[in-house]
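Enquirer: Provided below: upload.cif, containing mmCIF, C-alpha atoms.
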data_final
loop_
_atom_site.label_atom_id
_atom_site.label_comp_id
_atom_site.auth_asym_id
_atom_site.auth_seq_id
_atom_site.Cartn_x
_atom_site.Cartn_y
_atom_site.Cartn_z
CA MET A 1 1.04 3.66 36.39
CA HIS A 2 4.39 2.69 37.80
CA SER A 3 7.35 4.91 36.94
CA LYS A 4 9.64 2.00 36.25
CA SER A 5 8.91 -1.58 35.29
CA SER A 6 8.42 -3.78 38.32
CA ARG A 7 9.43 -6.75 36.18
CA GLY A 8 13.11 -5.70 36.49
CA ARG A 9 15.33 -8.51 35.26
CA ASP A 10 12.57 -10.96 34.35
CA ILE A 11 14.34 -12.39 31.30
CA ALA A 12 11.44 -14.60 30.20
CA PHE A 13 9.05 -11.64 30.36
CA LEU A 14 11.40 -9.42 28.34
CA LYS A 15 11.92 -12.09 25.69
CA LYS A 16 8.16 -12.45 25.38
CA GLN A 17 7.74 -8.69 25.07
CA ALA A 18 10.44 -8.50 22.39
CA LYS A 19 8.57 -11.16 20.42
CA LEU A 20 5.33 -9.21 20.72
CA VAL A 21 7.14 -6.06 19.60
CA ARG A 22 8.43 -7.86 16.50
CA ILE A 23 4.97 -9.21 15.71
CA GLU A 24 3.41 -5.74 15.90
CA ILE A 25 6.21 -4.27 13.77
CA LEU A 26 5.62 -6.83 11.02
CA LYS A 27 1.84 -6.51 11.13
CA MET A 28 1.81 -2.74 10.84
CA LEU A 29 4.46 -2.66 8.09
CA THR A 30 2.59 -5.24 6.02
CA LEU A 31 -0.66 -3.31 6.36
CA ALA A 32 1.07 -0.04 5.44
CA GLY A 33 2.84 -1.63 2.47
CA SER A 34 5.93 0.47 3.13
CA GLY A 35 8.43 1.22 5.84
CA HIS A 36 11.64 -0.06 7.38
CA THR A 37 11.68 -3.71 8.40
CA GLY A 38 15.35 -4.66 8.90
CA GLY A 39 16.49 -1.94 11.28
CA SER A 40 13.27 -2.04 13.31
CA LEU A 41 13.72 -5.75 13.98
CA SER A 42 17.46 -5.51 14.69
CA ALA A 43 17.01 -3.07 17.58
CA ALA A 44 13.84 -4.63 19.02
CA ASP A 45 15.55 -6.37 21.96
CA ILE A 46 17.40 -3.20 22.99
CA VAL A 47 14.38 -0.91 22.98
CA THR A 48 12.21 -3.55 24.64
CA VAL A 49 14.65 -3.73 27.58
CA LEU A 50 14.65 0.06 27.86
CA TYR A 51 10.89 0.51 28.00
CA PHE A 52 9.92 -2.63 29.91
CA SER A 53 12.77 -2.76 32.42
CA LYS A 54 15.31 0.05 32.49
CA MET A 55 13.70 3.41 31.87
CA ARG A 56 11.66 5.44 34.31
CA HIS A 57 8.60 6.61 32.39
CA ARG A 58 4.85 6.99 32.80
CA PRO A 59 2.69 6.10 29.79
CA ASP A 60 -0.28 7.84 31.47
CA ASP A 61 1.84 10.99 32.00
CA PRO A 62 4.22 11.26 29.00
CA SER A 63 5.46 14.71 30.08
CA TRP A 64 6.42 13.62 33.61
CA GLY A 65 9.42 15.79 34.40
CA GLU A 66 11.57 13.11 36.02
CA ARG A 67 11.21 10.58 33.19
CA ASP A 68 14.16 9.08 31.37
CA ARG A 69 14.27 10.14 27.72
CA PHE A 70 14.60 7.92 24.64
CA ILE A 71 15.75 9.51 21.39
CA LEU A 72 15.37 7.39 18.26
CA SER A 73 18.11 9.03 16.22
CA LYS A 74 17.65 6.40 13.47
CA GLY A 75 14.14 7.70 12.95
CA HIS A 76 13.34 5.35 10.07
CA ALA A 77 12.97 2.60 12.71
CA ALA A 78 9.75 4.33 13.76
CA PRO A 79 7.69 1.08 13.64
CA LEU A 80 9.82 -0.22 16.52
CA LEU A 81 9.17 2.86 18.64
CA TYR A 82 5.45 2.79 17.82
CA ALA A 83 5.14 -0.89 18.75
CA VAL A 84 6.91 -0.37 22.08
CA LEU A 85 4.90 2.75 22.93
CA ALA A 86 1.61 0.97 22.18
CA LEU A 87 2.53 -2.15 24.14
CA SER A 88 3.68 0.09 27.03
CA GLY A 89 0.30 1.80 27.15
CA TYR A 90 0.94 5.22 25.60
CA PHE A 91 -1.92 4.71 23.13
CA ASP A 92 -4.30 1.96 22.07
CA ILE A 93 -2.68 -0.85 20.12
CA SER A 94 -5.35 -0.54 17.41
CA VAL A 95 -3.73 2.73 16.32
CA LEU A 96 -0.79 0.71 14.94
CA LYS A 97 -3.00 -0.22 11.98
CA THR A 98 -2.85 3.40 10.83
CA LEU A 99 0.92 3.49 10.18
CA ARG A 100 1.71 5.84 7.28
CA LYS A 101 -1.97 6.54 6.62
CA LEU A 102 -3.09 10.09 5.86
CA GLY A 103 -3.95 11.86 9.11
CA SER A 104 -2.39 9.19 11.32
CA PRO A 105 -0.13 10.21 14.23
CA LEU A 106 2.10 7.28 13.18
CA GLN A 107 4.05 9.00 10.44
CA GLY A 108 6.89 7.41 8.47
CA HIS A 109 9.27 9.02 10.96
CA PRO A 110 8.34 9.91 14.57
CA CYS A 111 6.72 13.31 15.12
CA SER A 112 6.67 14.66 18.67
CA ARG A 113 3.88 17.12 17.87
CA VAL A 114 1.28 14.44 17.16
CA LEU A 115 2.21 11.38 19.22
CA PRO A 116 2.55 11.15 23.04
CA GLY A 117 5.80 9.50 24.10
CA VAL A 118 7.88 10.77 21.18
CA GLU A 119 10.47 13.11 22.69
CA ILE A 120 11.68 14.70 19.46
CA SER A 121 10.90 14.39 15.76
CA THR A 122 13.68 12.41 14.07
CA GLY A 123 14.53 11.09 10.65
CA SER A 124 17.26 13.39 9.36
CA LEU A 125 20.15 11.13 10.30
CA GLY A 126 23.00 12.32 12.49
CA GLN A 127 21.07 14.72 14.71
CA GLY A 128 19.85 12.61 17.62
CA LEU A 129 22.99 12.67 19.72
CA SER A 130 23.19 16.48 19.51
CA VAL A 131 19.58 16.68 20.70
CA SER A 132 20.40 14.21 23.49
CA ASN A 133 23.27 16.43 24.61
CA GLY A 134 20.95 19.40 24.94
CA ILE A 135 18.43 17.39 26.95
CA ALA A 136 21.18 15.94 29.16
CA ILE A 137 22.62 19.38 29.91
CA GLY A 138 19.12 20.66 30.75
CA LEU A 139 18.51 17.77 33.13
CA LYS A 140 21.77 18.49 34.93
CA MET A 141 20.89 22.19 35.21
CA ASP A 142 17.59 21.17 36.79
CA ASN A 143 19.38 18.78 39.17
CA LEU A 144 17.40 15.81 37.89
CA SER A 145 18.79 12.28 37.92
CA SER A 146 16.96 11.32 34.71
CA ARG A 147 18.95 9.70 31.92
CA VAL A 148 18.95 10.07 28.14
CA TYR A 149 19.17 7.03 25.85
CA CYS A 150 19.98 7.65 22.19
CA LEU A 151 19.75 4.90 19.56
CA LEU A 152 21.98 5.37 16.51
CA GLY A 153 22.34 3.29 13.37
CA ASP A 154 25.77 2.07 12.30
CA GLY A 155 25.35 3.67 8.87
CA GLU A 156 24.25 6.83 10.66
CA ILE A 157 27.58 7.24 12.44
CA GLN A 158 29.13 7.99 9.05
CA GLU A 159 27.61 11.44 9.63
CA GLY A 160 30.06 14.06 10.86
CA GLN A 161 27.58 15.64 13.26
CA VAL A 162 27.57 12.44 15.32
CA TRP A 163 31.26 12.93 16.11
CA GLU A 164 30.85 16.62 16.92
CA ALA A 165 28.15 15.54 19.37
CA ALA A 166 30.38 12.77 20.75
CA MET A 167 33.12 15.32 21.41
CA THR A 168 30.63 17.69 23.05
CA ALA A 169 29.19 15.02 25.37
CA ALA A 170 32.67 14.09 26.58
CA HIS A 171 33.68 17.73 27.01
CA TYR A 172 30.69 18.44 29.24
CA ARG A 173 31.10 15.13 31.08
CA LEU A 174 27.54 14.10 30.32
CA ASP A 175 27.42 10.89 32.32
CA ASN A 176 23.61 10.96 32.10
CA ILE A 177 23.77 10.05 28.40
CA CYS A 178 23.91 6.50 27.09
CA ALA A 179 24.21 6.11 23.32
CA ILE A 180 23.52 2.77 21.67
CA VAL A 181 24.85 1.93 18.21
CA ASP A 182 22.82 -0.71 16.36
CA LEU A 183 25.68 -2.50 14.61
CA ASN A 184 23.73 -4.61 12.12
CA GLY A 185 26.29 -4.08 9.36
CA LEU A 186 23.85 -3.00 6.63
CA GLN A 187 22.50 0.31 5.40
CA ILE A 188 20.22 1.18 2.51
CA ASP A 189 22.97 1.08 -0.13
CA GLY A 190 24.64 -2.13 1.07
CA PRO A 191 27.16 -3.29 3.69
CA VAL A 192 28.34 -0.45 5.92
CA SER A 193 31.93 -1.68 5.42
CA LYS A 194 31.67 -1.05 1.68
CA VAL A 195 29.61 2.15 1.66
CA LYS A 196 31.93 3.88 4.16
CA ALA A 197 33.86 1.77 6.64
CA ILE A 198 33.35 2.72 10.28
CA GLU A 199 35.73 0.32 11.99
CA PRO A 200 37.42 0.42 14.42
CA VAL A 201 34.23 1.65 16.07
CA ALA A 202 35.23 1.02 19.70
CA SER A 203 38.56 2.81 19.28
CA LYS A 204 36.82 5.86 17.82
CA TRP A 205 34.43 6.25 20.74
CA LEU A 206 37.25 5.65 23.21
CA ALA A 207 39.34 8.32 21.51
CA PHE A 208 36.43 10.73 21.83
CA GLY A 209 36.40 10.18 25.61
CA TRP A 210 33.50 7.76 26.01
CA ASN A 211 33.09 4.67 28.17
CA VAL A 212 32.59 1.83 25.67
CA ILE A 213 30.54 -1.34 26.31
CA ASP A 214 30.55 -4.07 23.64
CA ILE A 215 27.63 -6.54 23.63
CA ASP A 216 25.46 -8.99 21.74
CA GLY A 217 22.49 -6.77 20.92
CA HIS A 218 20.09 -9.71 21.08
CA GLY A 219 21.19 -11.05 24.48
CA ILE A 220 18.64 -9.74 26.98
CA GLU A 221 20.92 -10.28 29.98
CA GLU A 222 23.87 -8.61 28.24
CA ILE A 223 21.68 -5.64 27.33
CA LEU A 224 20.47 -5.29 30.93
CA ASP A 225 24.03 -5.53 32.27
CA ALA A 226 25.24 -2.92 29.78
CA PHE A 227 22.57 -0.40 30.80
CA ASP A 228 23.34 -1.06 34.47
CA GLU A 229 27.06 -0.51 33.87
CA ALA A 230 26.45 2.71 31.95
CA GLU A 231 24.46 4.07 34.88
CA THR A 232 27.37 3.55 37.28
CA VAL A 233 29.97 5.35 35.14
CA LYS A 234 30.59 8.89 36.35
CA GLY A 235 32.31 11.82 34.63
CA LYS A 236 31.92 10.60 31.05
CA PRO A 237 29.17 9.42 28.69
CA SER A 238 28.74 5.75 27.81
CA VAL A 239 28.12 4.09 24.47
CA ILE A 240 26.86 0.54 23.99
CA LEU A 241 28.07 -1.08 20.79
CA ALA A 242 25.31 -3.60 20.14
CA HIS A 243 26.18 -6.27 17.56
CA THR A 244 22.89 -7.17 15.91
CA ILE A 245 21.42 -8.90 12.86
CA LYS A 246 19.40 -6.89 10.36
CA GLY A 247 15.88 -8.35 10.29
CA LYS A 248 16.47 -10.39 13.46
CA GLY A 249 13.73 -12.86 14.34
CA VAL A 250 12.66 -13.88 10.84
CA SER A 251 15.09 -16.14 8.97
CA PHE A 252 14.22 -14.89 5.49
CA PHE A 253 14.70 -11.23 6.49
CA GLU A 254 17.92 -11.72 8.45
CA GLY A 255 21.01 -10.18 6.86
CA LYS A 256 19.08 -9.08 3.76
CA VAL A 257 19.91 -5.51 2.72
CA GLU A 258 16.81 -5.25 0.52
CA TYR A 259 14.61 -5.33 3.62
CA HIS A 260 16.21 -2.17 4.99
CA GLY A 261 13.34 -0.13 3.58
CA MET A 262 10.89 -2.72 2.29
CA ALA A 263 7.74 -3.97 4.02
CA PRO A 264 6.76 -7.65 4.16
CA THR A 265 4.16 -8.97 1.75
CA PRO A 266 1.05 -10.64 3.26
CA GLU A 267 2.58 -14.02 2.40
CA GLU A 268 5.87 -13.11 4.08
CA LEU A 269 3.97 -11.88 7.13
CA GLU A 270 2.23 -15.23 7.44
CA GLY A 271 5.56 -17.08 7.33
CA ALA A 272 7.20 -14.63 9.70
CA LEU A 273 4.45 -14.94 12.32
CA LYS A 274 4.72 -18.73 12.17
CA GLU A 275 8.48 -18.51 12.79
CA LEU A 276 8.07 -16.12 15.69
CA GLU A 277 5.41 -18.31 17.29
CA VAL A 278 7.57 -21.41 16.98
CA HIS A 279 10.94 -19.92 17.95
CA GLY A 280 9.98 -16.82 19.89
#
Translate the structure of the given file into structure tokens.
Expert:
Amino acid sequence: MHSKSSRGRDIAFLKKQAKLVRIEILKMLTLAGSGHTGGSLSAADIVTVLYFSKMRHRPDDPSWGERDRFILSKGHAAPLLYAVLALSGYFDISVLKTLRKLGSPLQGHPCSRVLPGVEISTGSLGQGLSVSNGIAIGLKMDNLSSRVYCLLGDGEIQEGQVWEAAMTAAHYRLDNICAIVDLNGLQIDGPVSKVKAIEPVASKWLAFGWNVIDIDGHGIEEILDAFDEAETVKGKPSVILAHTIKGKGVSFFEGKVEYHGMAPTPEELEGALKELEVHG
């Protein structure tokens, strides 16, 4: 299989893929009866662009040494990663029906020991950027041009370890790292601004020595441009601040904090699929 999507900047194709990703997320969550809906949907456009356009990877050879790496630091958005991996060809799409079932490789949070394509087990928030630093340093030591993409939640960056990792990446001039913050404004306990305010986010990353790119996290062209820009920046890491909507794609999930960790009902799934077919 090709090492990088030949579809490149085919916007219509990427929009279609993002819709398919959302459909698979909703179907598997409904069948499981548990899991994280809001944050999986909010980051769907970003991760779709990575796997179907930007990243170099080989679904038929997950351990290919020159692959780009994706670290899902906000590990509770596992349904998003599973949907993208299945649609990319890492495993049969029928496996998605086993989400959170006993013995399934699709655990509630990604486990690298049981599922091809998962770089590192995640779920304990705040750790992904530190892991990404280690991978990025290793790639540089091996003189590989591969890049590391790390997706963080906005509630997650309340964790102190994130900022230790941010300082480390800048210190070691890790220009092969691109962090993405999914700024959907909600975390499990409510609005991020009320639980523990994180603004001014851009100023913080700038102060820590990062190149900062601010985008609409649902605009496919903006996402593509941001990843392209990050790749050209030398001598410092880049972070993409992606402004998103929790539950994006389904009107009755959008902006609803209760769907952070709640699966759709069968009735909600039916309505959601109708919306996605009409508007997607």
Enquirer: Report as a tab-separated table: every residue of range 233-276 of chain A with an atom at most 6 Å from range 42-65 of chain A, its closest pair of atoms, and their distance in Å to one decimal, counting all atoms listed in the file, with rows sorted by chain and ascending residue number.
Expert:
residue	atom	partner	partner_atom	distance
A:Thr244	CA	A:Ser42	CA	5.8
A:Ile245	CA	A:Ser42	CA	5.5
A:Lys246	CA	A:Ser42	CA	4.9
A:Gly247	CA	A:Ser42	CA	5.5
A:Lys248	CA	A:Ser42	CA	5.1
Enquirer: Restricting the output to C-alpha atoms, write the selected residues as a PDB file, in the frame of the given file.
Expert:
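This went into selection_37.pdb:
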ATOM      1  CA  THR A 244      22.890  -7.170  15.910  1.00  0.00           C
ATOM      2  CA  ILE A 245      21.420  -8.900  12.860  1.00  0.00           C
ATOM      3  CA  LYS A 246      19.400  -6.890  10.360  1.00  0.00           C
ATOM      4  CA  GLY A 247      15.880  -8.350  10.290  1.00  0.00           C
ATOM      5  CA  LYS A 248      16.470 -10.390  13.460  1.00  0.00           C
TER       6      LYS A 248
END
Enquirer: Between CA of Ile120 in chain A and CA of Phe70 in chain A, measure the distance and give it in Å to one decimal.
Expert: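 Result for CA of Ile120 in chain A versus CA of Phe70 in chain A: 9.0 Å, one decimal.
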Enquirer: What does the distance from CA of Ala197 in chain A to CA of Trp163 in chain A come to in Å, to one decimal?
Expert: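 According to the coordinates, CA of Ala197 in chain A and CA of Trp163 in chain A are separated by 14.9 Å.
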Enquirer: Can you measure CA of Met262 in chain A to CA of Gly155 in chain A for me? One decimal in Å is fine.
Expert: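 Between CA of Met262 in chain A and CA of Gly155 in chain A the gap is 17.1 Å.
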Enquirer: With the file shown as input, list the residues that the PyMOL selection byres ((chain A and resi 21-35) around 8) selects, as a ChimeraX atom specification.
Expert: /A:17-20,36-37,40-41,44,48,76,79-80,83-84,87,96-101,108,249,261-266,269,273,276
Enquirer: Of the candidates A:Ala169, A:Trp205, A:Glu199, A:Glu221, which one gets nearest to Ala12 in chain A if we count all atoms listed in the file?
Expert: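 Once distances to Ala12 in chain A are computed over all atoms listed in the file, the minimum belongs to A:Glu221.
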Enquirer: Just say which residues the PyMOL selection byres ((chain A and resi 162) around 12) picks in this file, as a PyMOL selection string.
Expert: chain A and resi 73-74+124-133+150-161+163-169+179+181+204-205+208
Enquirer: From the set A:Leu115, A:Lys196, A:Ile71, A:Gln187, which residue has the shortest atom-to-atom contact distance to Gly255 in chain A, counting all atoms listed in the file?
Expert: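 Residue with the minimum atom-to-atom distance to Gly255 in chain A: A:Gln187.
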Enquirer: Under the rule that only C-alpha atoms are counted, which of A:Met141, A:Ile135, A:Ile213, A:Ile11 is the nearest residue to Asp228 in chain A?
Expert: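 Once distances to Asp228 in chain A are computed over only C-alpha atoms, the minimum belongs to A:Ile213.
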Enquirer: Please write the residues picked by the PyMOL selection byres ((chain A and resi 186) around 9) on this file as a VMD selection string.
Expert: chain A and resid 38 to 39 154 to 155 183 to 185 187 to 193 245 to 246 255 to 257 260
Enquirer: Residues proximal to (23.2, -1.5, 30.3) were defined as those with any atom within 12 Å of that point in the file's coordinates, counting only C-alpha atoms. Which are they, as a PyMOL selection string?
Expert: chain A and resi 9+46-47+49-50+53-55+149+177-180+211-217+219-233+238-242
Enquirer: Find the residues around Phe91 in chain A up to 8 Å (all atoms listed in the file counted), leave out those fewer than 5 positions away in its own chain, and share them as JSON, numbers by chain.
Expert: {"A": [85, 86, 116]}
Enquirer: Could you give me the centre and size, in Å to one decimal, of an axis-aligned box around all listed atoms of range 107-124 of chain A with 8 Å added on every side, as lines of an AutoDock Vina configuration file?
Expert:
center_x = 9.3
center_y = 12.3
center_z = 16.3
size_x = 32.0
size_y = 25.7
size_z = 31.6
Enquirer: A:Ser94, A:Gly89, A:Leu139, A:Gly75: which is nearest Pro110 in chain A, counting all atoms listed in the file?
Expert: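 Closest to Pro110 in chain A of all the choices is A:Gly75.
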Enquirer: My list of candidates is A:Lys15, A:Arg67, A:Lys234, A:His243. Which is closest to Leu144 in chain A when distances are computed with all atoms listed in the file?
Expert: A:Arg67
Enquirer: Counting all atoms listed in the file, figure out which residue out of A:Phe252, A:Tyr82, A:Tyr90, A:Trp210 gets nearest to Glu275 in chain A.
Expert: A:Phe252
